[in-house]
Structures are given as C-alpha cells and as structure tokens.
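Printed here is run.cif (mmCIF, C-alpha atoms and all ligand atoms):
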data_work
loop_
_atom_site.label_atom_id
_atom_site.label_comp_id
_atom_site.auth_asym_id
_atom_site.auth_seq_id
_atom_site.Cartn_x
_atom_site.Cartn_y
_atom_site.Cartn_z
CA LYS I 182 0.00 0.00 0.00
CA LEU I 183 1.24 3.49 -0.89
CA TYR I 184 0.54 6.73 1.02
CA ASP I 185 0.15 10.21 -0.44
CA ILE I 186 2.32 12.61 1.54
CA ALA I 187 2.67 16.37 1.92
CA VAL I 188 5.99 17.78 3.16
CA VAL I 189 5.32 21.25 4.56
CA GLY I 190 8.38 23.52 4.60
CA ALA I 191 9.94 21.38 1.86
CA THR I 192 12.47 24.08 0.90
CA GLY I 193 13.83 24.40 4.45
CA ALA I 194 16.75 22.63 6.14
CA VAL I 195 14.51 20.04 7.81
CA GLY I 196 12.01 19.70 4.94
CA GLU I 197 14.73 18.94 2.39
CA THR I 198 16.11 16.28 4.71
CA MET I 199 12.62 14.78 5.17
CA LEU I 200 12.51 14.21 1.41
CA LYS I 201 15.92 12.51 1.53
CA VAL I 202 15.03 10.31 4.50
CA LEU I 203 11.68 9.22 2.99
CA GLU I 204 13.60 8.15 -0.10
CA GLU I 205 16.50 6.46 1.74
CA ARG I 206 14.19 4.45 3.99
CA ASN I 207 11.98 3.39 1.06
CA PHE I 208 8.89 4.84 2.69
CA PRO I 209 5.89 3.70 0.59
CA VAL I 210 5.18 7.11 -0.99
CA GLY I 211 2.44 7.39 -3.62
CA ASN I 212 2.07 11.05 -4.61
CA LEU I 213 4.43 13.49 -2.95
CA TYR I 214 3.47 17.17 -2.52
CA PRO I 215 6.27 19.53 -1.43
CA LEU I 216 4.70 22.67 0.08
CA ALA I 217 6.15 26.03 1.14
CA SER I 218 5.17 29.68 1.14
CA SER I 219 4.10 31.57 -1.99
CA ARG I 220 7.73 32.84 -2.13
CA SER I 221 8.92 29.35 -3.13
CA ALA I 222 5.88 28.07 -5.05
CA GLY I 223 6.98 27.03 -8.53
CA LYS I 224 10.54 26.11 -7.47
CA LYS I 225 11.46 22.44 -7.85
CA VAL I 226 12.80 19.92 -5.33
CA GLU I 227 14.24 16.50 -6.05
CA PHE I 228 12.57 13.34 -4.80
CA ALA I 229 13.35 9.78 -5.91
CA GLY I 230 15.15 10.96 -9.03
CA LYS I 231 12.38 13.32 -10.14
CA TRP I 232 12.02 17.09 -9.91
CA ILE I 233 8.72 18.02 -8.31
CA GLU I 234 7.17 21.48 -8.24
CA VAL I 235 6.75 23.17 -4.86
CA LEU I 236 3.12 24.19 -4.21
CA ASP I 237 1.75 27.03 -2.07
CA LEU I 238 0.72 25.76 1.38
CA ASP I 239 -2.04 28.34 1.57
CA THR I 240 -4.06 26.89 -1.31
CA PHE I 241 -3.29 23.17 -0.87
CA ASP I 242 -6.18 20.73 -0.39
CA PHE I 243 -5.08 18.36 2.41
CA SER I 244 -7.85 15.87 1.65
CA LYS I 245 -5.50 14.69 -1.14
CA VAL I 246 -2.98 13.19 1.35
CA GLN I 247 -3.02 10.71 4.25
CA ILE I 248 0.07 12.05 6.02
CA GLY I 249 1.58 15.55 6.38
CA LEU I 250 5.14 16.03 7.61
CA PHE I 251 5.30 19.63 8.87
CA SER I 252 8.33 21.84 9.50
CA PRO I 253 7.40 25.41 8.48
CA GLY I 254 7.84 27.10 11.88
CA ALA I 255 5.49 27.14 14.89
CA SER I 256 3.27 30.04 13.84
CA VAL I 257 2.62 28.46 10.44
CA SER I 258 1.92 24.99 11.90
CA ALA I 259 -0.48 26.62 14.37
CA ILE I 260 -2.74 27.60 11.47
CA TYR I 261 -2.26 24.82 8.94
CA ALA I 262 -1.81 21.64 11.03
CA PRO I 263 -5.39 21.76 12.42
CA LYS I 264 -6.71 22.54 8.91
CA ALA I 265 -4.88 19.52 7.49
CA ALA I 266 -6.09 17.29 10.33
CA ALA I 267 -9.68 18.45 9.75
CA ALA I 268 -9.30 17.32 6.12
CA GLY I 269 -8.37 13.81 7.30
CA CYS I 270 -4.57 14.04 7.02
CA VAL I 271 -2.50 12.82 9.99
CA VAL I 272 0.02 15.57 10.79
CA ILE I 273 3.45 14.87 12.26
CA ASP I 274 4.63 18.31 13.32
CA ASN I 275 8.23 19.25 13.96
CA THR I 276 7.55 22.60 15.56
CA SER I 277 7.05 23.44 19.23
CA GLN I 278 3.43 24.51 18.61
CA PHE I 279 1.54 21.45 19.93
CA ARG I 280 4.16 19.65 22.03
CA TYR I 281 2.84 20.65 25.42
CA ASP I 282 -0.87 20.07 24.76
CA ASP I 283 -1.98 17.15 26.95
CA ASP I 284 -3.98 15.46 24.21
CA ILE I 285 -1.17 15.61 21.61
CA PRO I 286 1.36 12.75 21.69
CA LEU I 287 5.04 13.74 21.79
CA VAL I 288 7.05 10.84 20.44
CA VAL I 289 10.54 9.40 20.20
CA PRO I 290 9.99 5.96 18.62
CA GLU I 291 12.80 4.31 20.64
CA VAL I 292 11.31 5.67 23.88
CA ASN I 293 7.48 5.94 23.79
CA PRO I 294 6.12 4.50 20.50
CA GLN I 295 2.90 3.49 22.32
CA ALA I 296 1.96 7.21 22.55
CA ILE I 297 1.42 7.32 18.76
CA ALA I 298 -2.04 5.74 19.35
CA ASP I 299 -3.19 9.14 20.67
CA TYR I 300 -2.91 10.64 17.18
CA LYS I 301 -6.64 9.92 17.09
CA ASN I 302 -7.34 12.75 19.58
CA ARG I 303 -6.62 15.64 17.21
CA GLY I 304 -4.98 14.07 14.15
CA ILE I 305 -1.64 15.58 15.18
CA ILE I 306 1.55 13.98 16.55
CA ALA I 307 4.35 16.26 17.78
CA ASN I 308 8.04 15.66 17.13
CA PRO I 309 10.21 16.74 20.08
CA ASN I 310 13.05 19.26 20.10
CA CYS I 311 16.32 17.89 18.70
CA SER I 312 18.26 18.28 21.96
CA THR I 313 15.63 16.30 23.85
CA ILE I 314 15.41 13.49 21.29
CA GLN I 315 19.07 12.51 21.30
CA MET I 316 19.36 12.79 25.09
CA LEU I 317 16.35 10.54 25.70
CA VAL I 318 17.37 7.88 23.17
CA ALA I 319 20.61 7.57 25.19
CA LEU I 320 18.96 7.72 28.63
CA LYS I 321 15.99 5.40 28.12
CA PRO I 322 17.99 2.16 28.65
CA ILE I 323 19.47 3.61 31.87
CA TYR I 324 16.04 4.76 33.06
CA ASP I 325 14.58 1.31 32.47
CA ALA I 326 17.48 -0.40 34.27
CA VAL I 327 17.98 1.74 37.40
CA GLY I 328 15.67 4.77 37.31
CA ILE I 329 16.73 8.42 36.90
CA LYS I 330 16.39 11.12 39.55
CA ARG I 331 18.14 14.08 37.99
CA ILE I 332 19.81 15.09 34.72
CA ASN I 333 22.40 17.86 34.41
CA VAL I 334 23.13 18.62 30.77
CA ALA I 335 25.18 21.12 28.79
CA THR I 336 24.57 21.23 25.03
CA TYR I 337 26.83 22.21 22.14
CA GLN I 338 24.34 22.89 19.36
CA ALA I 339 24.89 23.29 15.61
CA VAL I 340 23.61 26.30 13.66
CA SER I 341 21.47 24.11 11.38
CA GLY I 342 19.04 23.91 14.35
CA THR I 343 18.13 27.51 13.56
CA GLY I 344 17.60 26.91 9.83
CA LYS I 345 19.12 27.85 6.51
CA GLU I 346 19.76 31.52 7.29
CA ALA I 347 21.91 30.56 10.27
CA ILE I 348 23.95 28.09 8.21
CA GLU I 349 24.60 30.96 5.83
CA GLU I 350 25.52 33.32 8.71
CA LEU I 351 28.18 30.96 10.12
CA ALA I 352 29.63 30.38 6.64
CA SER I 353 29.79 34.06 5.70
CA GLN I 354 31.15 35.25 9.06
CA THR I 355 33.87 32.58 8.90
CA ALA I 356 34.85 33.48 5.35
CA ASN I 357 34.85 37.20 6.10
CA LEU I 358 36.94 36.88 9.25
CA LEU I 359 39.53 34.73 7.45
CA ASN I 360 39.66 37.40 4.73
CA MET I 361 39.97 40.32 7.20
CA LYS I 362 36.57 41.66 6.17
CA PRO I 363 33.88 43.07 8.51
CA ILE I 364 31.12 40.69 9.61
CA GLU I 365 27.38 41.06 9.98
CA THR I 366 25.29 39.52 12.78
CA LYS I 367 21.65 39.07 11.80
CA VAL I 368 20.36 35.71 13.03
CA TYR I 369 22.30 35.45 16.31
CA PRO I 370 22.71 38.20 18.94
CA LYS I 371 26.53 37.83 18.91
CA GLN I 372 29.19 36.61 16.46
CA ILE I 373 28.84 32.82 15.99
CA ALA I 374 32.01 32.17 13.96
CA PHE I 375 34.85 31.04 16.29
CA ASN I 376 32.60 31.67 19.31
CA CYS I 377 30.11 30.00 21.71
CA ILE I 378 26.78 31.66 22.54
CA PRO I 379 25.02 30.63 25.78
CA GLN I 380 21.55 31.46 24.49
CA ILE I 381 19.22 29.34 22.35
CA ASP I 382 15.72 30.71 21.86
CA VAL I 383 14.26 33.44 24.08
CA PHE I 384 14.71 34.01 27.82
CA MET I 385 12.01 32.82 30.20
CA GLU I 386 11.07 34.42 33.54
CA ASN I 387 13.13 31.91 35.57
CA GLY I 388 16.36 32.89 33.79
CA TYR I 389 16.52 29.71 31.68
CA THR I 390 16.11 29.97 27.92
CA LYS I 391 13.16 28.40 26.13
CA GLU I 392 15.43 25.77 24.55
CA GLU I 393 16.50 24.74 28.06
CA MET I 394 12.93 24.60 29.34
CA LYS I 395 11.90 22.52 26.30
CA MET I 396 14.37 19.88 27.50
CA VAL I 397 12.78 20.00 30.97
CA TRP I 398 9.12 19.83 29.83
CA GLU I 399 9.65 17.34 27.03
CA THR I 400 11.71 14.90 29.12
CA LYS I 401 8.91 14.60 31.68
CA LYS I 402 6.22 14.16 29.03
CA ILE I 403 8.04 11.64 26.83
CA MET I 404 9.30 9.54 29.76
CA GLY I 405 5.86 9.77 31.37
CA ASP I 406 7.53 10.70 34.66
CA ASP I 407 7.04 14.12 36.23
CA SER I 408 9.53 13.37 38.99
CA ILE I 409 12.64 13.52 36.74
CA LEU I 410 14.58 16.72 37.44
CA VAL I 411 16.40 18.30 34.48
CA ASN I 412 18.93 21.17 34.67
CA PRO I 413 20.09 22.21 31.16
CA THR I 414 22.44 24.84 29.77
CA ALA I 415 22.03 25.18 25.99
CA VAL I 416 24.91 26.66 24.00
CA ARG I 417 25.20 27.45 20.28
CA VAL I 418 28.60 26.52 18.81
CA PRO I 419 30.13 27.12 15.36
CA VAL I 420 29.29 23.66 13.98
CA PHE I 421 27.10 23.22 10.90
CA PHE I 422 25.46 19.83 11.56
CA GLY I 423 25.27 17.75 14.75
CA HIS I 424 24.42 18.61 18.34
CA SER I 425 26.70 17.35 21.16
CA GLU I 426 25.71 17.02 24.80
CA ALA I 427 27.59 16.45 28.05
CA VAL I 428 24.99 14.57 30.11
CA HIS I 429 25.41 13.99 33.84
CA VAL I 430 22.84 11.65 35.32
CA GLU I 431 21.97 10.82 38.90
CA THR I 432 20.28 7.41 38.97
CA GLU I 433 17.90 5.93 41.57
CA ARG I 434 20.15 2.89 42.04
CA LYS I 435 23.87 2.40 41.39
CA ILE I 436 24.93 1.39 37.86
CA THR I 437 28.54 0.93 36.75
CA ALA I 438 30.11 2.37 33.61
CA ALA I 439 30.59 -1.18 32.29
CA GLU I 440 26.89 -1.91 32.78
CA VAL I 441 25.91 1.29 30.96
CA LYS I 442 28.22 0.38 28.05
CA ALA I 443 26.59 -3.05 27.81
CA LEU I 444 23.13 -1.41 27.74
CA MET I 445 24.21 1.04 25.00
CA GLU I 446 25.67 -1.76 22.90
CA LYS I 447 22.34 -3.51 22.57
CA ALA I 448 20.06 -0.45 22.49
CA GLU I 449 18.07 0.35 19.36
CA GLY I 450 19.23 3.47 17.50
CA ILE I 451 22.50 3.88 19.44
CA VAL I 452 26.09 3.52 18.25
CA LEU I 453 28.61 3.19 21.09
CA ILE I 454 32.07 4.66 20.42
CA ASP I 455 33.87 4.48 23.72
CA LYS I 456 37.58 3.66 23.82
CA GLN I 457 39.81 5.48 26.28
CA VAL I 458 42.33 6.40 23.59
CA ASP I 459 42.88 9.57 21.55
CA GLY I 460 39.80 10.03 19.39
CA GLY I 461 37.95 7.08 20.94
CA TYR I 462 34.64 8.98 21.17
CA PRO I 463 32.06 10.29 18.70
CA THR I 464 32.04 13.88 17.40
CA ALA I 465 29.43 15.81 15.45
CA VAL I 466 31.44 16.38 12.30
CA SER I 467 33.37 13.11 12.03
CA ASP I 468 30.65 10.67 13.10
CA ALA I 469 27.12 12.03 13.41
CA ALA I 470 26.67 14.53 10.55
CA ASP I 471 24.45 13.17 7.77
CA THR I 472 23.70 9.90 9.61
CA ASN I 473 20.65 8.73 11.58
CA PRO I 474 21.88 7.11 14.86
CA VAL I 475 22.55 8.63 18.25
CA TYR I 476 26.23 8.20 19.20
CA VAL I 477 27.34 7.71 22.80
CA GLY I 478 30.82 7.81 24.32
CA ARG I 479 32.90 9.01 27.32
CA ILE I 480 30.80 6.83 29.66
CA ARG I 481 32.21 7.05 33.16
CA GLU I 482 31.12 7.01 36.78
CA ASP I 483 30.81 10.45 38.39
CA ILE I 484 33.62 10.76 40.97
CA SER I 485 31.74 13.50 42.84
CA THR I 486 28.60 11.58 43.83
CA ALA I 487 27.42 8.04 44.65
CA ASN I 488 24.96 7.19 41.87
CA GLY I 489 26.26 9.34 39.02
CA ILE I 490 26.98 8.46 35.38
CA ASN I 491 28.42 10.79 32.71
CA LEU I 492 27.89 10.42 28.97
CA TRP I 493 28.76 12.31 25.80
CA VAL I 494 25.87 12.14 23.32
CA VAL I 495 26.04 13.25 19.67
CA ALA I 496 23.50 13.14 16.82
CA ASP I 497 22.66 14.92 13.57
CA ASN I 498 20.07 17.44 14.76
CA VAL I 499 18.44 17.78 11.35
CA ARG I 500 18.21 13.99 10.91
CA LYS I 501 17.57 12.14 14.23
CA GLY I 502 16.71 15.46 15.87
CA ALA I 503 14.03 16.25 13.28
CA ALA I 504 13.53 14.62 9.86
CA THR I 505 14.50 11.03 10.68
CA ASN I 506 12.51 10.98 13.93
CA THR I 507 9.46 12.29 12.01
CA VAL I 508 9.76 9.62 9.32
CA GLN I 509 10.24 6.92 12.01
CA ILE I 510 6.97 8.07 13.62
CA ALA I 511 5.28 7.83 10.21
CA GLU I 512 6.65 4.30 9.81
CA VAL I 513 5.04 3.17 13.09
CA LEU I 514 1.85 5.01 12.16
CA ILE I 515 1.40 3.13 8.87
CA ARG I 516 2.56 -0.20 10.34
CA ASP I 517 0.20 -0.14 13.34
CA TYR I 518 -2.61 2.32 12.70
CA LEU I 519 -3.39 3.43 9.14
P1 LIG I 601 9.93 29.28 1.95
O1 LIG I 601 11.11 28.72 1.22
O2 LIG I 601 8.80 29.54 1.02
O3 LIG I 601 10.24 30.43 2.86
P2 LIG I 601 14.15 26.93 7.46
O4 LIG I 601 13.76 26.45 8.84
O5 LIG I 601 15.31 26.19 6.90
O6 LIG I 601 14.32 28.41 7.42
O7 LIG I 601 12.90 26.58 6.51
C1 LIG I 601 11.57 27.00 6.77
C2 LIG I 601 10.58 26.32 5.81
O8 LIG I 601 9.25 26.70 6.14
C3 LIG I 601 10.80 26.70 4.36
O9 LIG I 601 10.45 25.63 3.52
C4 LIG I 601 9.82 27.86 4.20
O10 LIG I 601 9.38 28.06 2.88
C5 LIG I 601 8.66 27.34 5.02
N1 LIG I 601 7.79 28.44 5.42
C6 LIG I 601 8.12 29.53 6.15
N2 LIG I 601 7.05 30.35 6.30
C7 LIG I 601 6.03 29.77 5.63
C8 LIG I 601 4.66 30.11 5.39
N3 LIG I 601 4.12 31.24 5.87
N4 LIG I 601 3.91 29.27 4.64
C9 LIG I 601 4.44 28.13 4.15
N5 LIG I 601 5.71 27.74 4.34
C10 LIG I 601 6.50 28.54 5.07
C1 LIG I 602 18.00 24.56 17.83
N1 LIG I 602 16.65 22.98 19.06
O1 LIG I 602 18.94 23.75 17.74
C2 LIG I 602 16.62 24.11 18.19
C3 LIG I 602 15.88 23.90 16.92
O2 LIG I 602 11.85 23.38 19.17
O3 LIG I 602 11.95 22.41 17.24
C4 LIG I 602 14.53 23.25 17.04
C5 LIG I 602 13.51 24.12 17.70
C6 LIG I 602 12.35 23.25 18.06
O4 LIG I 602 18.10 25.74 17.58
#
Translate the structure described by the file into structure tokens.
Amino acid sequence: KLYDIAVVGATGAVGETMLKVLEERNFPVGNLYPLASSRSAGKKVEFAGKWIEVLDLDTFDFSKVQIGLFSPGASVSAIYAPKAAAAGCVVIDNTSQFRYDDDIPLVVPEVNPQAIADYKNRGIIANPNCSTIQMLVALKPIYDAVGIKRINVATYQAVSGTGKEAIEELASQTANLLNMKPIETKVYPKQIAFNCIPQIDVFMENGYTKEEMKMVWETKKIMGDDSILVNPTAVRVPVFFGHSEAVHVETERKITAAEVKALMEKAEGIVLIDKQVDGGYPTAVSDAADTNPVYVGRIREDISTANGINLWVVADNVRKGAATNTVQIAEVLIRDYL
C-alpha cells in the first residue's frame, strides 16, 4: 500500500532532509506534494530521481494526502496543522506549537512509540526538540534499568538547528573573518564564527532559555515521569550539523560504567564509540553529521557523587533530531494504525 504525503516547509533545512530520509528508507510514498510559502511556489525539489514542483501551502487541499510532515515554523503549523487534520490528514509536526498540549502525543519511537495511538485525539503527533530526542534515546535504557532522579546537561548545538539563514551566517562570518573583512550579525545576537553563545531561543522568567525549558518539559512528558529533574544549559557553537551534549545523570540505584556500556551496545538506535584512547569517542562532524543514529561515548562514573553516570551524546540534529525521527513516527503510524 502506498501513502500520499505532503511535506510542509519542503524548501527548508529540515524539509529537504525529510525528502531525503523518505527516499533512503523506502517509505511507501504514492504522490508526494512539497509545500512552502508563496515565495517558493513554482521552485522544484528532487525526490526519488524526479524534480517536483513546490506548491503554495495556503491553497493546498489536504484531503489529497493521508500524512503531512510539517516543519514550516510554529506560527505556520499553528494555522495549517489543524486545517490539514480536519481534512483527514495525519500531521506529524516538527515545531514546538503542539508539544505541550496534553492530548497531543510527543514521540521518540525508541522511547514511547505506544503514545502514537493518541494521534486519534486531534490528528496531530508532535516531534520533540532535537536536543531532547538525542538525550532521551541515550537515557531510556538507563532509566529502564535503574531509574533516573536528575539530569544535568550542557549542550553544544549546531547552527542548522536555527535553519538555513543561520547556516549561511556561520559560513559568511567565517569566510569574512579569514579574509579580514567586517562581519554582519543578523540571526544570532553575537558573532557565531569562532565563538560560543550561551543562548538558544528566548529568555524565560526563571532565567533559563526556552530551549533549556523545552528539554525539561519534554523529558517529563516523553518519559511519562514528572519526577525527573532536568537542569540544562544550551549553547550554540560554530558547527554546521550535529548537536553534542555532556549529560550527567543521577540514577535511583547504582549502575557501573561497564553496565551502561553493555546497555548502549544492545540499544536500538544507538552507536557506542567508547575507547579510552585519543579520538575514541564520537564527534558531530566526524561521526554524526548526515547519519541517523545517536552516538554515545565518554561513559564514566561520576567521581563526585554516589549514583552518578556521565555520557557524551552526539546526533545529527536535522536527521535524528528532526527529519528522521518524524519519518520513524510515520513508519510506526502506517505499520500499526493506518
Ligand atoms: P519558503 O522557502 O517559502 O520560505 P528553514 O527552517 O530552513 O528556514 O525553513 C523553513 C521552511 O518553512 C521553508 O520551507 C519555508 O518556505 C517554510 N515556510 C516559512 N514560512 C512559511 C509560510 N508562511 N507558509 C508556508 N511555508 C512557510
Ligand atoms: C535549535 N533545538 O537547535 C533548536 C531547533 O523546538 O523544534 C529546534 C527548535 C524546536 O536551535
């Protein structure tokens, strides 16, 4: 059986990757409709060896498709995802718009695939934030084995998380600085080339940024456990693709580093790279970029506390953090529900 699919935001960083991932994973696509704003309507995108015309989201009839993969930004999803759902299309939405609504499932297929059943509530499934997805894929086996009390995490996030304009900003600032030319800052509040910026998304009243609070809210919802404490610091770094995270976990019961390594070795979706030699760990650019797994390394017991485990977690934020996770949700949806 084939499914007719709309990809909303098909000209963006995530949308383009959705097209690639659908093709790579041989998703049973019948008709494919790439959608974007009127600015891009008429452009062409490549899918499965064919060039397909981009259509205007505003005038598209969603009764023509069974599934919509959305990544056009939260304010656009807010308007069009409910319209698509009302026309009978199941929406898998990458934006933050619906994630915290109680009746909308928020899904990482390796962690809580059972939640997909709740798509029936409103015809919408939410895809979590990239930083949350990779952290929870790595932590789920530990949670199941010994429980988790508290997570301290610092992120090192790639500019592709912001979108195409930010990729361009890092490239042009880098080129200009190396050529002794002045730079412009438009997307980020400070220079991103050769720098680290401790702000992702807007500031909240409690002094955390919204990106940090997303990791707090989403961890509780996806794990189905409001008691897990999460303390994140989210930092933008001059990397194009791949988020890295230093994750420090306090578990309910003691687990050794060797036991965690054994869990990671057999976990779905995880590649363990953990040798205590030069380069014996994963990095964004040399391992994760343009691939689908979550990579884990630097596993060690925390010397400062009794039940502590440290991990280094890396994944391609546009793939596992967005497009791949969305397509994986669609795979479970058609296998079990449609
Ligand atoms: P467009 O190319 O027409 O602007 P990114 O996150 O990489 O910046 O990509 C955002 C994606 O969302 C693009 O495909 C963009 O299309 C799309 N998009 C942005 N605003 C709208 C809108 N108002 N209606 C439809 N698509 C939109
Ligand atoms: C970033 N995590 O890296 C953001 C991008 O909530 O889907 C994704 C924002 C979101 O900038």
So that I can check the surroundings of Leu213 in chain I, please list as a short mmCIF file (atom, residue, chain, number, x, y, z; two decimals) with C-alpha atoms, in the coordinates of the input every protein, DNA and RNA residue that reaches within 6 Å of it, counting all atoms listed in the file and ignoring chain neighbours fewer than 5 positions away.
data_model
loop_
_atom_site.label_atom_id
_atom_site.label_comp_id
_atom_site.auth_asym_id
_atom_site.auth_seq_id
_atom_site.Cartn_x
_atom_site.Cartn_y
_atom_site.Cartn_z
CA ASP I 185 0.15 10.21 -0.44
CA ILE I 186 2.32 12.61 1.54
CA ALA I 187 2.67 16.37 1.92
#
Counting only C-alpha atoms and all ligand atoms, give me one row per residue of chain I with an atom at most 7 Å from an atom of ligand LIG 601 (chain I), showing the shortest contact pair and its distance in Å to one decimal, sorted by chain then residue number, as a tab-separated table.
residue	atom	partner	partner_atom	distance
I:Val189	CA	I:LIG601	N5	6.5
I:Gly190	CA	I:LIG601	O9	3.1
I:Ala191	CA	I:LIG601	O9	4.6
I:Thr192	CA	I:LIG601	O9	3.7
I:Gly193	CA	I:LIG601	O7	3.1
I:Ala194	CA	I:LIG601	O5	3.9
I:Val195	CA	I:LIG601	O5	6.3
I:Gly196	CA	I:LIG601	O9	6.3
I:Leu216	CA	I:LIG601	N5	6.7
I:Ala217	CA	I:LIG601	N5	3.7
I:Ser218	CA	I:LIG601	C9	3.5
I:Ser219	CA	I:LIG601	O2	5.9
I:Arg220	CA	I:LIG601	O2	4.7
I:Ser221	CA	I:LIG601	O2	4.2
I:Ala222	CA	I:LIG601	O2	6.9
I:Asp237	CA	I:LIG601	C9	6.9
I:Leu238	CA	I:LIG601	C9	5.2
I:Asp239	CA	I:LIG601	N4	6.8
I:Ser252	CA	I:LIG601	O8	6.0
I:Pro253	CA	I:LIG601	O8	3.2
I:Gly254	CA	I:LIG601	O8	5.9
I:Val257	CA	I:LIG601	N3	5.6
I:Thr343	CA	I:LIG601	O4	6.5
I:Gly344	CA	I:LIG601	O5	3.8
I:Lys345	CA	I:LIG601	O5	4.2
I:Glu346	CA	I:LIG601	O6	6.3
Gap from CA of Lys435 in chain I to CA of Pro290 in chain I - Å, one decimal | 26.9 Å
Please report as CSV every residue of chain I lying within 7 Å of ligand LIG 602 (chain I), along with the nearest atom pair and their distance in Å (one decimal), using only C-alpha atoms and all ligand atoms.
residue,atom,partner,partner_atom,distance
I:Asn275,CA,I:LIG602,O3,5.9
I:Thr276,CA,I:LIG602,O3,4.7
I:Ser277,CA,I:LIG602,O2,4.8
I:Pro309,CA,I:LIG602,O3,6.6
I:Asn310,CA,I:LIG602,O2,4.4
I:Cys311,CA,I:LIG602,N1,5.1
I:Ser312,CA,I:LIG602,N1,5.8
I:Gln338,CA,I:LIG602,O1,5.7
I:Ala339,CA,I:LIG602,O1,6.3
I:Val340,CA,I:LIG602,O1,6.7
I:Ser341,CA,I:LIG602,O1,6.9
I:Gly342,CA,I:LIG602,O1,3.4
I:Thr343,CA,I:LIG602,O4,4.4
I:Ile381,CA,I:LIG602,O4,6.1
I:Asp382,CA,I:LIG602,O4,7.0
I:Glu392,CA,I:LIG602,N1,6.3
Mind writing the picked residues with C-alpha atoms as a short mmCIF file (atom, residue, chain, number, x, y, z; two decimals), keeping the file's coordinate frame?
data_model
loop_
_atom_site.label_atom_id
_atom_site.label_comp_id
_atom_site.auth_asym_id
_atom_site.auth_seq_id
_atom_site.Cartn_x
_atom_site.Cartn_y
_atom_site.Cartn_z
CA ASN I 275 8.23 19.25 13.96
CA THR I 276 7.55 22.60 15.56
CA SER I 277 7.05 23.44 19.23
CA PRO I 309 10.21 16.74 20.08
CA ASN I 310 13.05 19.26 20.10
CA CYS I 311 16.32 17.89 18.70
CA SER I 312 18.26 18.28 21.96
CA GLN I 338 24.34 22.89 19.36
CA ALA I 339 24.89 23.29 15.61
CA VAL I 340 23.61 26.30 13.66
CA SER I 341 21.47 24.11 11.38
CA GLY I 342 19.04 23.91 14.35
CA THR I 343 18.13 27.51 13.56
CA ILE I 381 19.22 29.34 22.35
CA ASP I 382 15.72 30.71 21.86
CA GLU I 392 15.43 25.77 24.55
#
Which residues, written as a PyMOL selection string, have at least one atom at most 10 Å from Asp299 in chain I, with all atoms listed in the file counted and residues fewer than 6 positions away on the same chain left out?
-> chain I and resi 284-287+305-306
Let me see the file: selected residues, C-alpha atoms, as an mmCIF file, in the coordinates of the input.
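Result went into out_28.cif, see below:
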data_model
loop_
_atom_site.group_PDB
_atom_site.id
_atom_site.type_symbol
_atom_site.label_atom_id
_atom_site.label_comp_id
_atom_site.auth_asym_id
_atom_site.auth_seq_id
_atom_site.Cartn_x
_atom_site.Cartn_y
_atom_site.Cartn_z
ATOM 1 C CA ASP I 284 -3.980 15.460 24.210
ATOM 2 C CA ILE I 285 -1.170 15.610 21.610
ATOM 3 C CA PRO I 286 1.360 12.750 21.690
ATOM 4 C CA LEU I 287 5.040 13.740 21.790
ATOM 5 C CA ILE I 305 -1.640 15.580 15.180
ATOM 6 C CA ILE I 306 1.550 13.980 16.550
#
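Atom to atom, CA of Trp398 in chain I and CA of Val441 in chain I stand 25.0 Å apart.
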Would you mind reading off the distance between CA of Glu365 in chain I and CA of Ile378 in chain I, one decimal, in Å?
-> 15.7 Å
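Using all atoms listed in the file for every distance, the candidate list I:Ser467, I:Gln315, I:Thr355, I:Asn207 yields I:Gln315 as the residue closest to Gly450 in chain I.
The closest residue to Met445 in chain I, picked from I:Ser258, I:Arg303, I:Ile323, I:Glu426 and counting only C-alpha atoms, is I:Ile323.
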Contact residues around Thr432 in chain I with only C-alpha atoms at 6 Å, ignoring same-chain residues under 3 positions, as an mmCIF file with C-alpha atoms, in the frame of the given file:
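Everything below was put into part.cif:
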data_model
loop_
_atom_site.group_PDB
_atom_site.id
_atom_site.type_symbol
_atom_site.label_atom_id
_atom_site.label_comp_id
_atom_site.auth_asym_id
_atom_site.auth_seq_id
_atom_site.Cartn_x
_atom_site.Cartn_y
_atom_site.Cartn_z
ATOM 1 C CA GLY I 328 15.670 4.770 37.310
ATOM 2 C CA ILE I 329 16.730 8.420 36.900
ATOM 3 C CA LYS I 330 16.390 11.120 39.550
ATOM 4 C CA ASN I 488 24.960 7.190 41.870
#
Neighbour list for Thr464 in chain I as an NGL selection string, cut-off 8 Å, only C-alpha atoms, skip fewer than 3 positions in-chain | :I and (425 or 467-469 or 495)
Which is closest to Ser408 in chain I among I:Leu236, I:Ile490, I:Val226, I:Ile332, if we use all atoms listed in the file?
->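 Ranking I:Leu236, I:Ile490, I:Val226, I:Ile332 by distance to Ser408 in chain I, first place goes to I:Ile332.
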Nearest to Glu399 in chain I: which of I:Val318, I:Ala268, I:Ala439, I:Val288 is it, counting all atoms listed in the file?
->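 Result for the nearest residue to Glu399 in chain I: I:Val288.
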Test item: residues at most 8 Å from Glu204 in chain I, only C-alpha atoms, excluding those fewer than 3 positions along its chain, as a VMD selection string = chain I and resid 200 to 201 207 to 208 228 to 229
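The closest residue to Ala504 in chain I, picked from I:Glu440, I:Glu227, I:Asp274, I:Glu349 and counting all atoms listed in the file, is I:Asp274.
Ranking I:Ala319, I:Ala347, I:Ile273, I:Leu453 by their shortest atom-to-atom distance to Ile297 in chain I, with only C-alpha atoms included, puts I:Ile273 first.
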Enclose range 425-440 of chain I, meaning all of its atoms listed in the file, in a box aligned along x, y and z, pad it by 8 Å on each side, and list the centre and edge lengths in Å to one decimal, as AutoDock Vina command-line options.
--center_x 24.2 --center_y 7.7 --center_z 31.6 --size_x 28.7 --size_y 35.3 --size_z 36.9
